[in-house]
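**Q** Provided below: data_10.txt, containing compact mmCIF, C-alpha atoms.
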```txt
# COMPACT_ATOMS: atom_id res chain seq x y z
CA MET U 976 0.00 0.00 0.00
CA THR U 977 1.25 3.40 -0.96
CA GLN U 978 2.35 5.81 1.75
CA THR U 979 1.27 9.39 1.24
CA ALA U 980 1.54 12.63 3.21
CA VAL U 981 -0.63 15.66 3.85
CA ILE U 982 1.11 18.85 4.96
CA VAL U 983 -0.44 20.80 7.83
CA PHE U 984 0.05 24.55 8.20
CA PRO U 985 -1.49 26.80 10.83
CA ALA U 986 -5.06 27.37 9.54
CA SER U 987 -5.05 24.56 7.02
CA ASN U 988 -8.64 23.32 7.07
CA CYS U 989 -8.86 20.71 4.31
CA ASP U 990 -6.04 18.54 5.62
CA ARG U 991 -8.48 16.09 7.24
CA ASP U 992 -10.54 15.88 4.04
CA ALA U 993 -7.36 15.09 2.12
CA VAL U 994 -6.36 12.47 4.71
CA THR U 995 -9.80 10.83 4.46
CA ALA U 996 -9.70 10.80 0.66
CA LEU U 997 -6.18 9.33 0.51
CA GLU U 998 -7.04 6.77 3.19
CA GLN U 999 -10.11 5.67 1.25
CA ILE U 1000 -8.15 5.25 -1.96
CA THR U 1001 -4.82 3.86 -0.69
CA GLY U 1002 -6.17 1.88 2.26
CA LYS U 1003 -3.40 3.40 4.36
CA THR U 1004 -3.48 6.39 6.71
CA PRO U 1005 -1.33 9.20 5.32
CA HIS U 1006 1.29 10.94 7.42
CA ARG U 1007 0.19 14.37 8.58
CA VAL U 1008 3.34 16.45 8.41
CA TRP U 1009 3.58 19.69 10.41
CA HIS U 1010 5.02 22.61 8.45
CA ARG U 1011 7.92 23.09 10.89
CA GLU U 1012 9.33 19.67 9.97
CA THR U 1013 12.39 19.91 7.78
CA GLU U 1014 12.04 16.56 6.04
CA LEU U 1015 9.25 14.35 4.72
CA PRO U 1016 9.18 10.80 6.10
CA SER U 1017 11.31 8.67 3.79
CA ASP U 1018 8.48 6.33 2.74
CA VAL U 1019 6.28 9.07 1.26
CA ARG U 1020 5.47 8.59 -2.43
CA PHE U 1021 2.86 11.32 -2.94
CA VAL U 1022 2.26 14.63 -1.15
CA VAL U 1023 -0.88 16.74 -0.87
CA VAL U 1024 -0.55 20.40 0.07
CA PRO U 1025 -4.10 20.98 1.29
CA GLY U 1026 -6.59 23.83 1.23
CA GLY U 1027 -7.29 26.32 3.96
CA PHE U 1028 -6.12 29.76 4.94
CA SER U 1029 -2.53 29.11 5.96
CA TYR U 1030 -1.28 31.93 8.19
CA GLY U 1031 -4.63 33.67 7.79
CA ASP U 1032 -3.72 34.60 4.21
CA TYR U 1033 -1.43 37.27 5.69
CA LEU U 1034 0.65 39.19 3.15
CA ARG U 1035 -0.69 37.13 0.20
CA SER U 1036 -2.52 33.81 0.11
CA GLY U 1037 0.11 31.10 0.44
CA ALA U 1038 3.10 33.45 0.67
CA ILE U 1039 4.15 32.67 4.24
CA ALA U 1040 3.50 28.93 3.95
CA ALA U 1041 5.62 28.80 0.79
CA ASN U 1042 8.63 29.74 2.92
CA SER U 1043 8.01 27.27 5.74
CA PRO U 1044 10.73 24.68 6.47
CA ILE U 1045 8.90 21.65 5.03
CA MET U 1046 8.39 23.38 1.68
CA LYS U 1047 12.14 23.47 1.06
CA ASP U 1048 12.28 19.68 1.27
CA ILE U 1049 9.11 19.25 -0.81
CA LYS U 1050 10.55 21.50 -3.50
CA GLU U 1051 13.83 19.60 -3.62
CA LYS U 1052 12.09 16.22 -3.76
CA ALA U 1053 9.59 17.43 -6.39
CA GLU U 1054 12.52 18.47 -8.56
CA LYS U 1055 13.73 14.88 -8.30
CA GLY U 1056 10.29 13.62 -9.38
CA LEU U 1057 8.17 13.21 -6.23
CA PRO U 1058 4.51 13.85 -7.19
CA VAL U 1059 2.87 16.75 -5.33
CA ALA U 1060 -0.68 18.07 -5.59
CA GLY U 1061 -1.62 21.49 -4.23
CA ILE U 1062 -5.34 22.00 -3.77
CA CYS U 1063 -6.88 25.46 -3.35
CA ASN U 1064 -4.62 27.18 -0.78
CA GLY U 1065 -2.15 24.43 -1.70
CA PHE U 1066 -2.17 25.70 -5.30
CA GLN U 1067 -1.54 29.23 -4.04
CA ILE U 1068 1.36 27.91 -1.93
CA LEU U 1069 2.92 26.06 -4.89
CA THR U 1070 2.79 29.16 -7.11
CA GLU U 1071 4.27 31.28 -4.30
CA ALA U 1072 7.01 28.65 -3.91
CA GLN U 1073 7.61 28.97 -7.66
CA MET U 1074 6.94 25.29 -8.18
CA LEU U 1075 4.19 26.26 -10.64
CA PRO U 1076 3.97 29.29 -12.96
CA GLY U 1077 1.58 32.21 -12.49
CA ALA U 1078 -0.28 33.52 -9.47
CA LEU U 1079 -3.74 33.37 -7.92
CA MET U 1080 -5.41 36.75 -7.53
CA ARG U 1081 -8.61 38.05 -5.93
CA ASN U 1082 -11.72 36.75 -7.76
CA VAL U 1083 -12.85 39.21 -10.38
CA GLY U 1084 -16.34 39.40 -8.87
CA GLN U 1085 -14.75 40.25 -5.46
CA LYS U 1086 -16.85 37.58 -3.81
CA PHE U 1087 -15.86 34.34 -2.15
CA VAL U 1088 -17.19 31.61 -4.43
CA CYS U 1089 -18.52 28.41 -2.90
CA SER U 1090 -20.21 26.07 -5.35
CA VAL U 1091 -19.91 22.84 -7.29
CA GLU U 1092 -18.33 23.74 -10.63
CA PRO U 1093 -18.27 21.76 -13.85
CA LEU U 1094 -14.66 21.35 -15.02
CA ARG U 1095 -13.54 20.24 -18.45
CA VAL U 1096 -10.56 17.90 -18.54
CA ALA U 1097 -8.16 19.77 -20.83
CA ASN U 1098 -5.39 17.18 -20.79
CA SER U 1099 -6.09 13.53 -20.01
CA GLN U 1100 -2.53 12.44 -20.78
CA THR U 1101 -1.02 13.45 -17.44
CA ARG U 1102 -0.17 11.36 -14.39
CA PHE U 1103 -3.06 13.07 -12.58
CA THR U 1104 -5.75 12.61 -15.23
CA LYS U 1105 -5.20 9.22 -16.92
CA HIS U 1106 -8.53 7.95 -15.58
CA PHE U 1107 -10.43 10.79 -17.26
CA ASP U 1108 -11.28 11.29 -20.93
CA LYS U 1109 -10.27 14.42 -22.76
CA ASP U 1110 -13.04 17.04 -22.64
CA GLN U 1111 -14.91 15.01 -20.04
CA VAL U 1112 -16.87 17.32 -17.74
CA ILE U 1113 -16.58 16.56 -14.04
CA ASP U 1114 -18.25 18.22 -11.06
CA ILE U 1115 -15.86 19.39 -8.35
CA PRO U 1116 -16.55 21.83 -5.48
CA VAL U 1117 -14.75 25.16 -5.29
CA ALA U 1118 -14.46 27.42 -2.22
CA HIS U 1119 -12.10 30.35 -2.56
CA HIS U 1120 -11.64 34.10 -2.61
CA ASP U 1121 -8.31 34.21 -4.43
CA GLY U 1122 -8.73 31.77 -7.30
CA ASN U 1123 -8.33 34.06 -10.26
CA TYR U 1124 -5.43 32.50 -12.18
CA PHE U 1125 -3.07 35.02 -13.73
CA ALA U 1126 0.05 34.60 -15.82
CA ASP U 1127 1.52 37.13 -18.24
CA ASP U 1128 1.00 36.56 -21.98
CA GLU U 1129 4.35 34.90 -22.50
CA THR U 1130 3.95 32.50 -19.57
CA LEU U 1131 0.38 31.72 -20.56
CA LYS U 1132 1.47 30.89 -24.09
CA ALA U 1133 4.11 28.51 -22.77
CA VAL U 1134 1.71 26.88 -20.29
CA GLU U 1135 -0.86 26.33 -23.04
CA GLY U 1136 1.74 25.21 -25.59
CA ASN U 1137 3.20 22.63 -23.23
CA GLY U 1138 -0.20 21.12 -22.45
CA GLN U 1139 0.19 22.16 -18.82
CA VAL U 1140 -3.46 23.18 -18.47
CA VAL U 1141 -5.19 20.18 -16.92
CA PHE U 1142 -8.65 21.51 -15.98
CA ARG U 1143 -10.72 24.44 -17.23
CA TYR U 1144 -13.89 25.88 -15.73
CA ALA U 1145 -16.91 25.28 -17.97
CA ASP U 1146 -18.46 28.38 -16.40
CA ASN U 1147 -15.59 30.55 -15.13
CA PRO U 1148 -16.49 31.62 -11.57
CA ASN U 1149 -13.48 33.80 -10.74
CA GLY U 1150 -12.03 35.45 -13.86
CA SER U 1151 -9.10 33.05 -14.36
CA ARG U 1152 -7.27 33.63 -17.62
CA ASN U 1153 -8.23 31.05 -20.26
CA ASP U 1154 -10.70 29.56 -17.69
CA ILE U 1155 -7.76 27.81 -16.03
CA ALA U 1156 -8.72 25.75 -12.97
CA GLY U 1157 -5.66 23.53 -12.69
CA ILE U 1158 -2.16 23.21 -14.15
CA ILE U 1159 0.88 20.96 -13.93
CA ASN U 1160 4.58 21.79 -14.10
CA THR U 1161 6.58 20.98 -17.23
CA GLN U 1162 7.91 17.81 -15.61
CA GLY U 1163 4.33 16.65 -15.04
CA ASN U 1164 4.72 15.65 -11.38
CA VAL U 1165 3.37 18.79 -9.68
CA LEU U 1166 -0.31 19.68 -9.94
CA GLY U 1167 -2.07 22.77 -8.65
CA MET U 1168 -5.81 23.29 -8.79
CA MET U 1169 -8.32 25.56 -7.07
CA PRO U 1170 -11.25 23.06 -7.04
CA HIS U 1171 -11.33 20.41 -4.31
CA PRO U 1172 -11.18 16.82 -5.65
CA GLU U 1173 -10.79 15.55 -2.06
CA ARG U 1174 -14.32 16.79 -1.37
CA ALA U 1175 -15.70 14.68 -4.22
CA VAL U 1176 -14.82 11.13 -3.18
CA ASP U 1177 -18.00 10.06 -1.38
CA ALA U 1178 -21.48 9.85 -2.96
CA ARG U 1179 -22.97 10.90 0.39
CA HIS U 1180 -21.24 14.27 -0.04
CA GLY U 1181 -22.71 14.88 -3.47
CA GLY U 1182 -20.30 13.32 -5.95
CA THR U 1183 -17.31 11.11 -6.60
CA ASP U 1184 -15.67 12.75 -9.62
CA GLY U 1185 -12.53 13.47 -7.59
CA ILE U 1186 -11.66 9.81 -7.07
CA ASN U 1187 -10.18 9.32 -10.53
CA LEU U 1188 -7.65 12.07 -9.96
CA PHE U 1189 -6.20 10.33 -6.91
CA LYS U 1190 -6.44 6.93 -8.62
CA SER U 1191 -4.55 8.28 -11.63
CA ILE U 1192 -1.60 9.64 -9.69
CA LEU U 1193 -1.42 6.75 -7.22
CA GLU U 1194 -1.45 4.14 -9.98
CA SER U 1195 1.33 6.02 -11.79
CA LEU U 1196 3.74 5.43 -8.90
CA MET R 238 16.28 52.81 10.69
CA ILE R 239 12.79 52.86 9.20
CA ALA R 240 12.06 51.70 5.66
CA HIS R 241 8.75 51.76 3.82
CA VAL R 242 8.07 49.19 1.13
CA TYR R 243 5.24 50.03 -1.26
CA VAL R 244 3.83 46.99 -3.06
CA GLY R 245 1.27 47.23 -5.83
CA LEU R 246 0.05 45.38 -8.86
CA LYS R 247 2.06 45.81 -12.05
CA PRO R 248 0.58 47.84 -14.88
CA GLY R 249 -1.50 45.57 -17.08
CA VAL R 250 -2.56 43.30 -14.22
CA LEU R 251 -6.29 43.67 -13.66
CA ASP R 252 -6.96 45.06 -10.17
CA PRO R 253 -10.59 44.23 -9.30
CA GLN R 254 -10.32 45.94 -5.91
CA GLY R 255 -8.95 49.13 -7.43
CA ARG R 256 -11.66 49.10 -10.06
CA THR R 257 -14.35 48.70 -7.40
CA ILE R 258 -12.88 51.61 -5.42
CA ALA R 259 -12.89 53.81 -8.52
CA ARG R 260 -16.50 52.90 -9.26
CA SER R 261 -17.51 53.67 -5.70
CA LEU R 262 -15.81 57.09 -5.89
CA ASN R 263 -17.71 57.73 -9.12
CA ASP R 264 -20.93 56.84 -7.26
CA LEU R 265 -20.04 59.50 -4.68
CA GLY R 266 -19.90 62.05 -7.46
CA TYR R 267 -16.14 62.14 -8.08
CA ASP R 268 -16.53 61.81 -11.82
CA GLU R 269 -12.91 62.75 -12.45
CA VAL R 270 -11.71 59.43 -11.02
CA GLN R 271 -10.83 57.23 -13.97
CA ASP R 272 -9.04 54.40 -12.23
CA ALA R 273 -7.70 53.38 -8.83
CA LYS R 274 -4.98 50.96 -7.83
CA GLN R 275 -4.82 49.38 -4.43
CA GLY R 276 -1.53 48.37 -2.89
CA LYS R 277 0.02 47.96 0.51
CA VAL R 278 2.73 49.57 2.58
CA ILE R 279 5.01 47.49 4.75
CA THR R 280 7.02 49.49 7.27
CA LEU R 281 10.19 47.82 8.46
CA THR R 282 12.10 48.76 11.58
CA LEU R 283 15.71 47.81 11.00
CA ALA R 284 18.95 47.84 12.94
CA ASP R 285 20.93 50.84 11.72
CA SER R 286 23.23 50.10 8.81
CA ASP R 287 24.63 51.62 5.68
CA PRO R 288 21.64 52.74 3.54
CA GLU R 289 23.08 51.14 0.41
CA LEU R 290 23.47 47.81 2.19
CA ALA R 291 20.00 48.18 3.69
CA LYS R 292 18.56 48.88 0.26
CA ALA R 293 20.19 45.77 -1.17
CA ARG R 294 18.93 43.64 1.70
CA ILE R 295 15.37 45.00 1.44
CA THR R 296 15.36 44.42 -2.31
CA GLU R 297 16.21 40.80 -1.58
CA MET R 298 13.39 40.67 1.02
CA CYS R 299 10.97 41.99 -1.59
CA ASP R 300 11.98 39.42 -4.17
CA ARG R 301 11.88 36.55 -1.68
CA LEU R 302 8.75 37.37 0.30
CA LEU R 303 7.27 40.87 0.42
CA ALA R 304 6.19 41.03 -3.23
CA ASN R 305 5.10 38.41 -5.72
CA THR R 306 6.94 39.68 -8.77
CA VAL R 307 4.69 37.66 -11.08
CA ILE R 308 1.96 40.24 -10.44
CA GLU R 309 3.44 42.95 -8.22
CA SER R 310 6.09 45.65 -8.38
CA TYR R 311 7.58 47.43 -5.37
CA ARG R 312 9.28 50.62 -4.31
CA ILE R 313 11.54 51.08 -1.28
CA GLU R 314 11.87 54.28 0.70
CA ILE R 315 14.31 54.64 3.57
CA GLU R 316 13.37 57.37 6.03
CA GLY R 317 15.87 60.19 6.11
CA ALA R 318 17.54 59.10 2.90
CA ALA R 319 17.35 61.89 0.33
CA GLU R 320 15.85 60.09 -2.62
CA VAL R 321 13.74 57.06 -3.35
CA GLN R 322 16.12 54.19 -2.86
CA ALA R 323 15.02 51.54 -5.24
CA GLU R 324 12.25 50.82 -7.60
CA THR R 325 11.36 47.88 -9.75
CA ASP R 326 10.99 49.01 -13.30
CA PRO R 327 7.57 47.92 -14.54
CA GLU R 328 8.56 48.87 -18.09
CA ALA R 329 11.45 46.45 -18.06
CA GLU R 330 9.21 43.65 -16.81
CA SER R 331 6.09 44.16 -18.86
```
Could you write out this structure as structure tokens?
**A**
Amino acid sequence: MTQTAVIVFPASNCDRDAVTALEQITGKTPHRVWHRETELPSDVRFVVVPGGFSYGDYLRSGAIAANSPIMKDIKEKAEKGLPVAGICNGFQILTEAQMLPGALMRNVGQKFVCSVEPLRVANSQTRFTKHFDKDQVIDIPVAHHDGNYFADDETLKAVEGNGQVVFRYADNPNGSRNDIAGIINTQGNVLGMMPHPERAVDARHGGTDGINLFKSILESL
Amino acid sequence: MIAHVYVGLKPGVLDPQGRTIARSLNDLGYDEVQDAKQGKVITLTLADSDPELAKARITEMCDRLLANTVIESYRIEIEGAAEVQAETDPEAES
């Protein structure tokens, strides 16, 4: 059974959801790793940087967490190929840590958006999306205030050209450029997305479209 | 030593908060307001040192934490120093 880890920052609030999702899919309880740790446990094969409001979103969403001790180790290991998924605040943290291009800005409508959003799978040939079909529409919850994906023209062109866009909003709720909901790095082992796949793994909670994301990455190990 | 760091969105980056502020000022009758940009000021209290060294160190702080240079530019002002000490050049980056 695959050992995974969920990172916990002060004011993370989706870490338990991520633990529950990973436990359900791997059959093994993930490590919960406190942000002050300097090293991931050696048996970890997949890391989730969860959602929440790390450090109260002080300065910028994700900015303080991106500089916490554990992130240094995660960044080094990701460069060597360790798969990492940043969800919501986790996506903000990964962009702030410069593990993914672009930035997440205040939603264009100024409002916190909390809804189930249809997402179109833009690239089904990644380690995170093999269990989806291209252009398949999946329903995944979003809950964020700073989810408006921005990258300058040049970066956006590169991200699109490399097939790094993984999910797009079918009905853009936050003003993200090119309707971008989730991207991967060029190496293909780091994913960031604003929607919450870990909240879509149990039919009793309204849907299970998130399961295939975790299955895809875990089976790729 | 006191230094003020002004951080704001780069030109060309849509600022929904600034736009909302401008619209609200228009609603109050200030029709001359065409646009507004919102930023933040971070005031640092530093151990006294050579202003040039301080400027270099603060620039590093901006690049590493205080600003996200993907979307933001910054300007550093050291109190008592005659001129503005450093400024990111939005032209060079846009």
**Q** Could you work out an axis-aligned box for range 1055-1068 of chain U, taking every atom the file lists and adding 3 Å on each side, and report centre and edge lengths in Å to one decimal, as AutoDock Vina command-line options?
**A**
```
--center_x 3.4 --center_y 21.2 --center_z -5.1 --size_x 26.6 --size_y 22.0 --size_z 14.6
```
**Q** Counting all atoms listed in the file, which of U:Gly1182, U:Pro1170, U:Pro1148, U:Gly1122 gets nearest to Gly1077 in chain U?
**A** U:Gly1122
**Q** With only C-alpha atoms counted and 8 Å as the cut-off, give the residues of chain R in contact with chain U, each with its shortest interatomic distance in Å and the pair that gives it, as a tab-separated table.
**A**
```
residue	atom	partner	partner_atom	distance
R:Pro253	CA	U:Val1083	CA	5.6
R:Gln254	CA	U:Gln1085	CA	7.2
R:Leu302	CA	U:Ala1038	CA	6.9
R:Leu303	CA	U:Leu1034	CA	7.4
R:Asn305	CA	U:Glu1071	CA	7.3
R:Val307	CA	U:Gly1077	CA	6.4
R:Ile308	CA	U:Ala1078	CA	7.1
```
**Q** Using all atoms listed in the file, which residue out of U:Asp1154, U:Glu1012, U:Asp1146, U:Glu1092 lies closest to Pro1116 in chain U?
**A**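 Of all the options, U:Glu1092 lies closest to Pro1116 in chain U.
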**Q** Can you pull out every residue within 8 Å of range 1184-1196 of chain U, counting only C-alpha atoms, but drop anything in the same chain fewer than 5 positions away, and send it as a list in words?
**A**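 In the requested format, the answer is Thr977, Leu997, Ile1000, Thr1001, Arg1020, Phe1021, Pro1058, Arg1102, Phe1103, Thr1104, Lys1105, His1106, Phe1107, Ile1113, Asp1114, Ile1115, His1171, Pro1172, Glu1173, Arg1174, Ala1175 and Val1176 of chain U.
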**Q** Quick one: residues within 8 Å of Val1088 in chain U, all atoms listed in the file, excluding same-chain residues fewer than 3 positions away - as a PDB file with C-alpha atoms, keeping the file's coordinate frame?
**A**
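result29.pdb written:
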```pdb
ATOM      1  CA  VAL U1117     -14.750  25.160  -5.290  1.00  0.00           C
ATOM      2  CA  ALA U1118     -14.460  27.420  -2.220  1.00  0.00           C
ATOM      3  CA  HIS U1119     -12.100  30.350  -2.560  1.00  0.00           C
ATOM      4  CA  HIS U1120     -11.640  34.100  -2.610  1.00  0.00           C
ATOM      5  CA  PRO U1148     -16.490  31.620 -11.570  1.00  0.00           C
ATOM      6  CA  ASN U1149     -13.480  33.800 -10.740  1.00  0.00           C
TER       7      ASN U1149
END
```
